[in-house]
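One structure below.
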Amino acid sequence: MKQETVSQKIRFLAFMGLMLAMAVALSFLEGLIPAIPALPPGVKLGLSNIVTMYALFFLGPLPAAVIVVLKSGFVLLTRGVVAFLLSLSGGILSVLVMIAVLAVTRRKASYLLVSVFGAVFHNIGQLITASLLTQPSLFLAYLPVLLLSGVGMGIITGAILKIVLPALGRLKNSIYRPQ
Amino acid sequence: MSLKQDTFSRAFFKRGDLWAILALLLIAAAVYGFSLWRGRMPEGTELSAEITLDGQVAETILLTGHPDEIFTLDEEPNVTFEINQGRIRFINAVCPDKLCEQSGFLDAPNETAACLPYRVAVRIVASQAASDVPDVITG
């Protein structure tokens with residue numbers, strides 16, 4: 001019995017590691033996409049939110065938050081303190097708002113709704129940090145375009161999540177071999 | 001470690017989502033409208049560029065009537081600005097992603113752009129021109 005619990009913990013760790021690797025890879029891929037004009041400096045679109053959402057839906061709020069924080073740690077190592085602060089603030093606010101959306105709707109919210117709110121508040125979190133680091137008037141100046149791009153990006157990441165769900169489900173089953 | 005199992009029956013989209021998305025878009029439109037209203041320029045408005053370093057105002061430059069110029073701040077030589085026809089923009093050859101340049105020229109009150117790696121920002125500030133007062137000397 002005890003043996004079983006230890007093994008479950010190891011499986012959980014392995015799966016978390018895989019998720020983190022996916023989040024980091026997506027974050028890196030996103031950096032390769034040419035910058036979108038009219039977006040404020042350093043604000044990224046948040047493709048790795050796909051992984052955060054999967055963790056939120058299938059592992060729970062805490063693992064989702066852990067992945068967000070660890071992914072920001074990777075950003076700190078590779079892109080420096082400012083990028084880390086942007087990544088962390090966007091990620092944390094995004095995951096908190098997604099948890100709130102699920103709580104308010106008693107876990108009945110659609111993928112799209114969670115995804116759109118996650119993306120919008122990812123942008124808002126980053127914008128708050130960018131404004132605090134430089135000039136407060138940056139916030140209102142960029143809020144409209146970031147709300148707009150958040151809605152667009154949320155629809156895209158929500159759709160991608162829905163498409164890759166079966167693949168992620170198989171990955172999870174390969175680790176948590178159902179008996 | 002038990003896993004919270006989401007049901008695969010979660011809907012991708014619900015009708016009510018449209019209202020939530022519409023609300024977000026309305027907020028965006030309202031903020032944009034507000035910034036247009038704040039950015040209006042009555043006759044005799046003069047524009048200045050307020051450049052901040054680490055959130056502290058480093059320099060304020062009167063843009064209206066300013067000759068075209070490319071310059072850097074003494075405190076931060078890595079960030080370059082261009083003034084052109086009373087507008088200002090970042091030109092930064094040093095930062096890795098050159099995102100600040102994409103903000104383009106700023107030419108309306110409260111427009112703001114920032115270079116995050118160096119924590120430099122520029123904001124447009126409006127003031128009423130002193131020459132708005134009838135000038136009896138030059139007529």
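Please note that chains go A, B, ... in the order of the structure tokens, that every chain numbers its residues from 1, and that ligands are numbered from 1 in the order shown.
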Closest pair table for chain A residues within 9 Å of chain B, only C-alpha atoms, as a tab-separated table:
```
residue	atom	partner	partner_atom	distance
A:Thr5	CA	B:Met1	CA	7.2
A:Val6	CA	B:Met1	CA	8.9
A:Gln8	CA	B:Met1	CA	6.0
A:Lys9	CA	B:Met1	CA	5.8
A:Arg11	CA	B:Met1	CA	9.0
A:Phe12	CA	B:Met1	CA	7.0
A:Ala35	CA	B:Leu99	CA	7.2
A:Ile36	CA	B:Gln102	CA	8.5
A:Pro37	CA	B:Gln102	CA	5.6
A:Ala38	CA	B:Ser103	CA	5.5
A:Leu39	CA	B:Ser103	CA	7.3
A:Pro40	CA	B:Ser103	CA	6.8
A:Pro41	CA	B:Leu99	CA	4.7
A:Gly42	CA	B:Leu99	CA	6.7
A:Leu56	CA	B:Lys4	CA	8.9
A:Phe57	CA	B:Asp6	CA	5.5
A:Phe58	CA	B:Gln5	CA	5.1
A:Leu59	CA	B:Lys4	CA	5.1
A:Gly60	CA	B:Lys4	CA	5.6
A:Gly80	CA	B:Pro117	CA	9.0
A:Val82	CA	B:Pro117	CA	6.6
A:Ala83	CA	B:Pro117	CA	8.2
A:Lys108	CA	B:Arg10	CA	7.3
A:Ala109	CA	B:Ala11	CA	7.8
A:Ser110	CA	B:Ala11	CA	5.0
A:Tyr111	CA	B:Phe12	CA	4.8
A:Leu112	CA	B:Phe13	CA	5.6
A:Leu113	CA	B:Asp17	CA	5.8
A:Val116	CA	B:Ile21	CA	7.8
A:Phe117	CA	B:Ile21	CA	8.7
A:Val120	CA	B:Leu24	CA	8.7
A:Ala130	CA	B:Leu116	CA	7.0
A:Ser131	CA	B:Ala114	CA	8.7
A:Leu132	CA	B:Gly55	CA	7.7
A:Leu133	CA	B:Arg119	CA	6.3
A:Thr134	CA	B:Gly55	CA	4.9
A:Gln135	CA	B:Gly55	CA	5.7
A:Pro136	CA	B:Gly55	CA	8.3
A:Ser137	CA	B:Thr112	CA	6.5
A:Leu138	CA	B:Thr112	CA	5.4
A:Phe139	CA	B:Thr112	CA	8.9
A:Leu140	CA	B:Val31	CA	7.1
A:Ala141	CA	B:Glu111	CA	6.1
A:Tyr142	CA	B:Thr112	CA	8.4
A:Leu143	CA	B:Ala28	CA	6.9
A:Pro144	CA	B:Ala28	CA	4.2
A:Val145	CA	B:Ala28	CA	7.3
A:Leu146	CA	B:Ala28	CA	8.4
A:Leu147	CA	B:Ala28	CA	5.9
A:Leu148	CA	B:Leu25	CA	6.6
A:Val151	CA	B:Ile21	CA	7.1
A:Gly158	CA	B:Phe12	CA	7.9
A:Ala159	CA	B:Phe12	CA	7.9
A:Lys162	CA	B:Phe12	CA	7.1
A:Leu165	CA	B:Phe8	CA	8.6
```
Practice task
Step one, run DSSP on the backbone; step two, keep only residues of range 1-106 of chain B assigned to strand (DSSP E); then write them as a ChimeraX atom specification.
Solution key: /B:45-53,56-62,69-72,80-84,87-91
Practice task
Could you pull out the residues in chain A that DSSP calls alpha helix (DSSP H) from the backbone, as a ChimeraX atom specification?
Solution key: /A:2-32,49-58,61-79,81-104,111-133,138-175
